[in-house]
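> Can you keep this structure in mind? I'll have questions shortly.
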Amino acid sequence: MIKRIFIFLLGIFLAMPIWAGSALPNPLRVVLSNDTFPYMFVNEQGQLDGLLVDYWREIAELQQIEVQFYAADWPDTLQLLDQQLVHVHGGMARTEEREQRYQLADTHITIYSNIYVHRDMPHIGTLDALQPYLVGVVADSSHVDTLQRLLPHLVLRSYPTVTQMFDAALQGQLRLFAGLDRLPPRYEHYQALSRQFPLYKKMPLQRIELVFAVEETSDIFVALQQAVEALPRSVIDTLERKWLGMETEDGTLLLGLSVGNQPYMQVSQQGEAQGLLVDLWRLWSDTTGVKIAFVPDTSINSLDNLGKRRLDAHIGVPAQPHLIFKQAYPIYSISSVLYYPREQQLQHISELKGKKVALYFTAGYRQQLEQQYPDINFVSFHTLDEILKALFAGEVDGFYGSEVVVPERLKQRDLYDHFQALNSSRIRSPLYVLVHPDDDELAEKITQGFEQISPETLAAVEEYWISQAEQRYFSQATKLINLTIEQQHWLRDNEPFRVGVMTNWPPMEFLDEQGNAVGLTSDILQLLSERLGIKFQLVPYDNLDLIWQHIAERKLDMVANVTPLQDRLQFASFTEVFWTVQWAAIGLLQNEVMSRAAQLKGKRLAILSDYQLANDLPLLLPDSPLIQIKDVSDGLRLLQDQEVDYVIDSVESASRLMRQASSVNFRIQLLEDLPDYPSLVAVRNDYEPLVSILNKGLQTIGQQERQQLNQRWFNIEITQGMNSARVQQLIWQVSAVALLLISLFVIWNVFLRREVALRRAAEHKMRQMATHDDLTSLPNRSLLRERLEQALLQHSRHNEIMALVFIDLDGFKQVNDEYGHDAGDELLLRVAAVLRHCIRKSDTAARFGGDEFVVLLTSLLNADDAAIVAEKILTQLKQPIQLSVGTVTLGASMGIAVYPQDGTDAASLMRQADLLMYQAKQRGKNHYCFNQQQF
């Protein structure tokens, strides 16, 4: 076929000499590969198609010339150029050998060379990890030159065409091969190839700037360069999005996803995007009605594709000062810590002074670390494997990474036990949705969509993916307050803020035995300090009037738990509600019981003058004489001397007073119909920015937290207080009853312990009988199914592999028939012991029935691990087994089903393992068998 093409083309060109002038020839003859999707390939209609075909058509149209395309296998395209049968080769990678043979110039189109990895292969993160494997390449392609330069000792297997290389991969001859960005859909077995070599498993090899080539003696090179440079960048961007973007419905957003970042974003074994950020975007899609499609790739490729508008947005990237993209929305915040070799003993990161610490190149917190620790040298790396290589070589002494992602990656490499996390080094950094710098409308749409999702919904999604509460963000988001840059600067310039607190107003404000200011106000100020990053300085006072005087004179900055009286508005500004005051009446024990303010009509009352209620009470109870007091102790003295009938005070303050010994003759009663008055925070009026900052913090203190504070400081006893004689009488009565109860309890406890022990033993035996095999004590079918269902949920969430091994004993029936059932039972016990010995504690060995057993192997690195366990079991069972009746030999046939390739639910995995076990028996017994698609 190729020879015919050559003869045909040669005849044409013998009759039509090559253009010899300096201007572009018309028509311009361009040769391209017929099998390099999506750049240049022959489509289903037999026509040359692809990005480079459209590219040269755009150039020809701009230059007002015609273009003729010639397609051939890759090696033949170079021969056509060498023989001067075409003017130009439309696209190739630059190599040293080609630079010597041709005149080359940039097309301004960037592509990527990759190593495609089989889905069952272990993790390959560095080029060095390729060394033990055979890698397939297309002959004379740039991949050959690249791999030989980077890995001189790597074994390559060349194929004449890419189709032949793909065929070899599907036949199991290759587990790795070199290719460009995408697998070609026009390949006959494209679906099978993409399933076995998914995009998310590919490893970037090299960035390639495509060039065009003309023959060394051609004089049209300069004219071609000028024509290429004249093509607008926007045209190239449009072509790249058409050919290198995903094919989607109109209006669908293409979202970049950086693989290998579970549980935030990852691709499952079935190729489905999954993770916390993925689910957040699906919520966004449901909320806005906008369709989305995820494009998995490496971080570098994803950002490059976003810059070239092949993507609409990236679902989440750490903030980085050098990125040119627009930060559309802070979708999440991750916490990172320092990891260091376990043999080291570190208490604080400052101990690494003068040493090197590795960071990911995407770490958005580098500048913050450099400011905090200027004596530590922070070094950037692209991948965890590069970091680990530097660590083991002694080039760095530790590295920063996400405390959620890094442990999973270390477990994949079996290095988790080698490193320790320094919790004191924790630092948080936001993840931003990125869009192209010009996409203001899309950025606004993204922001509006996420702001419509409730915090409770976000927290529920997060709880599914992030198991440890302290690593979650949304559940703590209400406690982490984002201040504007102006507010942060204002705080820094004016801190600390002096707060006046009372020394004698328990439980709101008072001094403890060590002289420290404590109480409800102090606790709320501590919450505000933690959430706002604000520093308060508590200044104790014995007199509230002096506090107000110092606020007016600006010797104090603020005071809490106050009311906004008219005269105070002249020198103070007030926040939103700090605490809500409810009212109670303190009276003598013999006073009448009351629950409503109307019952106070005509009663003599006392109340603190600072309360707003002191001004309103004469209007509410005009017939009740009122005495305003400065301190509640004054009111209790008046009450004791019977100069007043009741003292009105807040429930909080009254309940505290009632716990004092001196209050034994008093009791408090709640007044339900008096108005509740909010207590606010007063701030000196020239500190207006502080008011809005405090309001942000107060809004985050929810009802549950206020109830907890209430329970800590208040213990209301509505009928508290008796006379001394009554108290003494009650003490004797309680003591006698207590002694009797203790005696009865001791006797009852003896009998109860015995009964409980018997019941527990019976329950344990019943549970054991329900979930375990009577003979071998192995889990039975019921418990096996339960553990299998739990394992499926866990492995689905964490994208892990597990295997189900169905075992049928070979030779058991002969032993049972020859020596009897007792010998058979003894043999089953020996088999159960072998299975326990061959598996880990985290695995499960169960008796399925008769001479059938099932082993559940969890958290496997790859399917080969199941084969290792099966080999161990076969080796143990092949050994002669000594029974009481003599020595016997045994074998086993095993079927191994692997999740998720052989099934994603318990029934399908069990069914597949059973089927494979019978296939093993048909092949001669004493073997194990996988699904053929696995190997």
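Please note that chains go A, B, ... in the order of the structure tokens, that every chain numbers its residues from 1, and that ligands are numbered from 1 in the order shown.
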Mind checking DSSP for region 356-516 of chain A and telling me the helix (DSSP H, G or I) residues as an MDAnalysis selection string?
chainID A and resid 366:372 384:392 405:412 416:418 440:451 455:465 469:471 474:477 485:494
> Would you mind listing what lies within 9 Å of Pro204 (chain A) as a VMD selection string, with only C-alpha atoms counted and same-chain residues fewer than 3 positions away left out?
chain A and resid 112 to 116 207 298 301
> My list of candidates is A:Thr904, A:Thr447, A:Gln368, A:Asn931. Which is closest to Ser268 (chain A) when distances are computed with only C-alpha atoms?
A:Thr904
> When you look at Gly179 (chain A) with a cut-off of 10 Å (counting only C-alpha atoms), what residues show up, excluding the ones that are within fewer than 3 positions of it in the same chain? I need them as a PDB file with C-alpha atoms, in the first residue's frame.

ATOM      1  CA  THR A  36      -1.903  10.522  15.768  1.00  0.00           C
ATOM      2  CA  PHE A  37      -5.234  11.372  17.364  1.00  0.00           C
ATOM      3  CA  TYR A 112       2.187  16.347  26.270  1.00  0.00           C
ATOM      4  CA  SER A 113       4.014  13.077  26.047  1.00  0.00           C
ATOM      5  CA  ASN A 114       2.762  10.527  28.607  1.00  0.00           C
ATOM      6  CA  ILE A 115       3.310   7.008  29.865  1.00  0.00           C
ATOM      7  CA  TYR A 116       0.003   5.134  29.971  1.00  0.00           C
ATOM      8  CA  GLY A 136       5.981   0.203  24.292  1.00  0.00           C
ATOM      9  CA  VAL A 137       6.768   2.995  21.795  1.00  0.00           C
ATOM     10  CA  VAL A 138       6.049   3.780  18.151  1.00  0.00           C
ATOM     11  CA  SER A 141       8.465   8.830  17.384  1.00  0.00           C
ATOM     12  CA  SER A 142       9.775  11.511  19.755  1.00  0.00           C
ATOM     13  CA  HIS A 143       8.944   9.225  22.678  1.00  0.00           C
ATOM     14  CA  VAL A 162       0.311   3.008  17.119  1.00  0.00           C
ATOM     15  CA  LEU A 176       3.076   0.537  29.903  1.00  0.00           C
ATOM     16  CA  ARG A 182      -5.624  11.116  24.506  1.00  0.00           C
ATOM     17  CA  LEU A 183      -6.282   7.606  23.317  1.00  0.00           C
ATOM     18  CA  LYS A 202      -1.118   8.140  32.952  1.00  0.00           C
ATOM     19  CA  PRO A 204       3.406  12.938  32.339  1.00  0.00           C
ATOM     20  CA  LEU A 205       6.652  12.387  30.491  1.00  0.00           C
TER      21      LEU A 205
END
> Find the residue from A:Thr95, A:Ser796, A:Gln344, A:Asn543 that sits nearest to Val267 (chain A); use only C-alpha atoms when measuring.
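Checking each candidate against Val267 (chain A), we get A:Ser796 as the closest.
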> Using only C-alpha atoms, which residue out of A:Lys841, A:Arg830, A:Arg785, A:Arg233 lies closest to Gln876 (chain A)?
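When distances to Gln876 (chain A) are compared using only C-alpha atoms, the smallest one comes from A:Arg830.
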> At a cut-off of 10 Å, using only C-alpha atoms, what residues contact Arg94 (chain A)? Leave out same-chain residues fewer than 6 positions from it and give the result as a list in words.
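These residues fall inside the cut-off: Leu104, Ala105, Asp106, Ser142, Asp145, Ile208, Glu209, Leu210, Val211, Phe212 and Ala213 of chain A.
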> Can those selected residues be exported to a file as an mmCIF file, in the first residue's frame so that it contains all heavy atoms?

data_model
loop_
_atom_site.group_PDB
_atom_site.id
_atom_site.type_symbol
_atom_site.label_atom_id
_atom_site.label_comp_id
_atom_site.auth_asym_id
_atom_site.auth_seq_id
_atom_site.Cartn_x
_atom_site.Cartn_y
_atom_site.Cartn_z
ATOM 1 N N LEU A 104 13.343 23.767 11.396
ATOM 2 C CA LEU A 104 12.195 23.622 12.289
ATOM 3 C C LEU A 104 11.772 24.982 12.832
ATOM 4 O O LEU A 104 12.610 25.848 13.089
ATOM 5 C CB LEU A 104 12.535 22.701 13.474
ATOM 6 C CG LEU A 104 13.087 21.304 13.134
ATOM 7 C CD1 LEU A 104 13.430 20.555 14.409
ATOM 8 C CD2 LEU A 104 12.079 20.514 12.305
ATOM 9 N N ALA A 105 10.465 25.158 13.046
ATOM 10 C CA ALA A 105 9.946 26.383 13.665
ATOM 11 C C ALA A 105 8.675 26.047 14.445
ATOM 12 O O ALA A 105 7.934 25.119 14.079
ATOM 13 C CB ALA A 105 9.661 27.454 12.617
ATOM 14 N N ASP A 106 8.404 26.821 15.501
ATOM 15 C CA ASP A 106 7.279 26.552 16.404
ATOM 16 C C ASP A 106 5.933 26.797 15.711
ATOM 17 O O ASP A 106 5.781 27.735 14.931
ATOM 18 C CB ASP A 106 7.348 27.447 17.644
ATOM 19 C CG ASP A 106 8.467 27.017 18.579
ATOM 20 O OD1 ASP A 106 8.859 25.846 18.518
ATOM 21 O OD2 ASP A 106 8.933 27.863 19.377
ATOM 22 N N SER A 142 8.959 10.747 18.809
ATOM 23 C CA SER A 142 9.775 11.511 19.755
ATOM 24 C C SER A 142 9.854 10.833 21.112
ATOM 25 O O SER A 142 10.762 11.116 21.902
ATOM 26 C CB SER A 142 9.194 12.919 19.925
ATOM 27 O OG SER A 142 7.890 12.850 20.487
ATOM 28 N N ASP A 145 13.235 9.041 21.554
ATOM 29 C CA ASP A 145 14.349 9.940 21.874
ATOM 30 C C ASP A 145 14.258 10.421 23.325
ATOM 31 O O ASP A 145 15.265 10.458 24.047
ATOM 32 C CB ASP A 145 14.329 11.132 20.921
ATOM 33 C CG ASP A 145 15.474 12.098 21.183
ATOM 34 O OD1 ASP A 145 16.608 11.786 20.775
ATOM 35 O OD2 ASP A 145 15.228 13.156 21.800
ATOM 36 N N ILE A 208 5.750 19.014 25.064
ATOM 37 C CA ILE A 208 6.254 19.069 23.692
ATOM 38 C C ILE A 208 5.697 20.311 22.995
ATOM 39 O O ILE A 208 4.482 20.507 22.957
ATOM 40 C CB ILE A 208 5.847 17.811 22.895
ATOM 41 C CG1 ILE A 208 6.425 16.549 23.546
ATOM 42 C CG2 ILE A 208 6.303 17.918 21.452
ATOM 43 C CD1 ILE A 208 5.951 15.273 22.889
ATOM 44 N N GLU A 209 6.581 21.134 22.485
ATOM 45 C CA GLU A 209 6.177 22.252 21.644
ATOM 46 C C GLU A 209 6.235 21.765 20.194
ATOM 47 O O GLU A 209 7.313 21.481 19.669
ATOM 48 C CB GLU A 209 7.114 23.445 21.840
ATOM 49 C CG GLU A 209 7.129 23.999 23.248
ATOM 50 C CD GLU A 209 5.818 24.624 23.662
ATOM 51 O OE1 GLU A 209 5.017 24.944 22.763
ATOM 52 O OE2 GLU A 209 5.581 24.788 24.866
ATOM 53 N N LEU A 210 5.074 21.624 19.573
ATOM 54 C CA LEU A 210 5.039 21.121 18.204
ATOM 55 C C LEU A 210 5.721 22.103 17.239
ATOM 56 O O LEU A 210 5.565 23.324 17.356
ATOM 57 C CB LEU A 210 3.597 20.910 17.753
ATOM 58 C CG LEU A 210 2.923 19.599 18.175
ATOM 59 C CD1 LEU A 210 1.528 19.534 17.586
ATOM 60 C CD2 LEU A 210 3.730 18.403 17.734
ATOM 61 N N VAL A 211 6.452 21.546 16.293
ATOM 62 C CA VAL A 211 7.115 22.368 15.275
ATOM 63 C C VAL A 211 6.703 21.865 13.898
ATOM 64 O O VAL A 211 6.235 20.736 13.748
ATOM 65 C CB VAL A 211 8.654 22.286 15.407
ATOM 66 C CG1 VAL A 211 9.103 22.865 16.737
ATOM 67 C CG2 VAL A 211 9.148 20.845 15.234
ATOM 68 N N PHE A 212 6.838 22.735 12.889
ATOM 69 C CA PHE A 212 6.709 22.259 11.514
ATOM 70 C C PHE A 212 8.125 22.125 10.943
ATOM 71 O O PHE A 212 9.075 22.725 11.458
ATOM 72 C CB PHE A 212 5.845 23.198 10.667
ATOM 73 C CG PHE A 212 6.454 24.555 10.409
ATOM 74 C CD1 PHE A 212 7.374 24.759 9.374
ATOM 75 C CD2 PHE A 212 6.090 25.646 11.192
ATOM 76 C CE1 PHE A 212 7.918 25.997 9.132
ATOM 77 C CE2 PHE A 212 6.641 26.900 10.950
ATOM 78 C CZ PHE A 212 7.560 27.080 9.920
ATOM 79 N N ALA A 213 8.256 21.328 9.902
ATOM 80 C CA ALA A 213 9.583 21.050 9.351
ATOM 81 C C ALA A 213 9.551 21.184 7.829
ATOM 82 O O ALA A 213 8.583 20.775 7.176
ATOM 83 C CB ALA A 213 10.040 19.647 9.740
#
> Quick one: pull the distance between CA of Val518 (chain A) and CA of Pro506 (chain A), Å, one decimal.
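A separation of 8.8 Å between them.
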> Looking at only C-alpha atoms, which of A:Val396, A:Val317, A:Met121, A:Leu744 is the one that sits closest to Leu277 (chain A)?
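Ranking A:Val396, A:Val317, A:Met121, A:Leu744 by distance to Leu277 (chain A), first place goes to A:Val317.
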> Write out as number ranges by chain each polymer residue whose atoms come within 10 Å of Ile387 (chain A), counting only C-alpha atoms; drop sequence neighbours fewer than 3 positions from it.
A: 357-360, 379-384, 390-393, 395-396, 398-400
> Can you write out the residues you just picked, keeping N, CA and C atoms, as a CSV table (one decimal), in the first residue's frame?

chain,number,residue,atom,x,y,z
A,357,VAL,N,13.3,22.3,54.4
A,357,VAL,CA,12.0,21.7,54.5
A,357,VAL,C,11.4,21.8,53.1
A,358,ALA,N,10.8,20.6,52.7
A,358,ALA,CA,10.2,20.5,51.3
A,358,ALA,C,8.8,21.0,51.4
A,359,LEU,N,8.4,21.6,50.3
A,359,LEU,CA,7.0,22.0,50.1
A,359,LEU,C,6.5,21.6,48.7
A,360,TYR,N,5.3,21.4,48.5
A,360,TYR,CA,4.7,21.2,47.2
A,360,TYR,C,4.8,22.5,46.5
A,379,VAL,N,12.0,24.5,50.3
A,379,VAL,CA,12.4,24.1,48.9
A,379,VAL,C,11.1,23.5,48.2
A,380,SER,N,10.9,23.8,47.0
A,380,SER,CA,9.7,23.4,46.3
A,380,SER,C,10.0,22.1,45.5
A,381,PHE,N,9.0,21.2,45.5
A,381,PHE,CA,9.0,20.0,44.6
A,381,PHE,C,7.7,19.8,44.0
A,382,HIS,N,7.6,19.1,42.9
A,382,HIS,CA,6.4,18.9,42.1
A,382,HIS,C,5.6,17.7,42.7
A,383,THR,N,6.2,16.6,43.1
A,383,THR,CA,5.5,15.4,43.5
A,383,THR,C,6.0,14.9,44.9
A,384,LEU,N,5.2,14.0,45.5
A,384,LEU,CA,5.6,13.4,46.7
A,384,LEU,C,6.8,12.5,46.5
A,390,ALA,N,14.3,13.1,48.0
A,390,ALA,CA,15.2,14.1,48.6
A,390,ALA,C,15.4,13.8,50.1
A,391,LEU,N,14.3,13.3,50.7
A,391,LEU,CA,14.4,13.0,52.2
A,391,LEU,C,15.3,11.9,52.4
A,392,PHE,N,15.2,10.8,51.7
A,392,PHE,CA,16.0,9.6,51.9
A,392,PHE,C,17.5,9.9,51.5
A,393,ALA,N,17.7,10.9,50.6
A,393,ALA,CA,19.0,11.3,50.2
A,393,ALA,C,19.6,12.3,51.2
A,395,GLU,N,18.7,15.4,51.6
A,395,GLU,CA,18.7,16.7,51.0
A,395,GLU,C,17.8,17.6,51.8
A,396,VAL,N,16.7,17.1,52.4
A,396,VAL,CA,15.8,17.9,53.2
A,396,VAL,C,15.5,17.1,54.5
A,398,GLY,N,12.4,17.4,56.3
A,398,GLY,CA,11.0,17.2,56.5
A,398,GLY,C,10.2,17.8,55.4
A,399,PHE,N,8.9,17.6,55.4
A,399,PHE,CA,8.1,18.2,54.4
A,399,PHE,C,6.7,18.6,54.9
A,400,TYR,N,6.1,19.6,54.3
A,400,TYR,CA,4.8,20.0,54.6
A,400,TYR,C,3.8,19.3,53.6
> Please extract the residues of region 218-349 of chain A with a backbone DSSP assignment of strand (DSSP E or B) and present them as a PyMOL selection string.
chain A and resi 253-258+261+265-267+273-274+292-297+313-318+326-341
> CA of Met802 (chain A) and CA of Asp851 (chain A), how far apart in Å?
23.5 Å
> Compile the contact shell of region 281-289 of chain A as a PyMOL selection string: residues with an atom at most 12 Å away, counting only C-alpha atoms, same-chain residues fewer than 5 positions apart removed.
chain A and resi 251-257+264-265+273-276+294+313-316+329+331-332+433+445-454+457-458+460-461
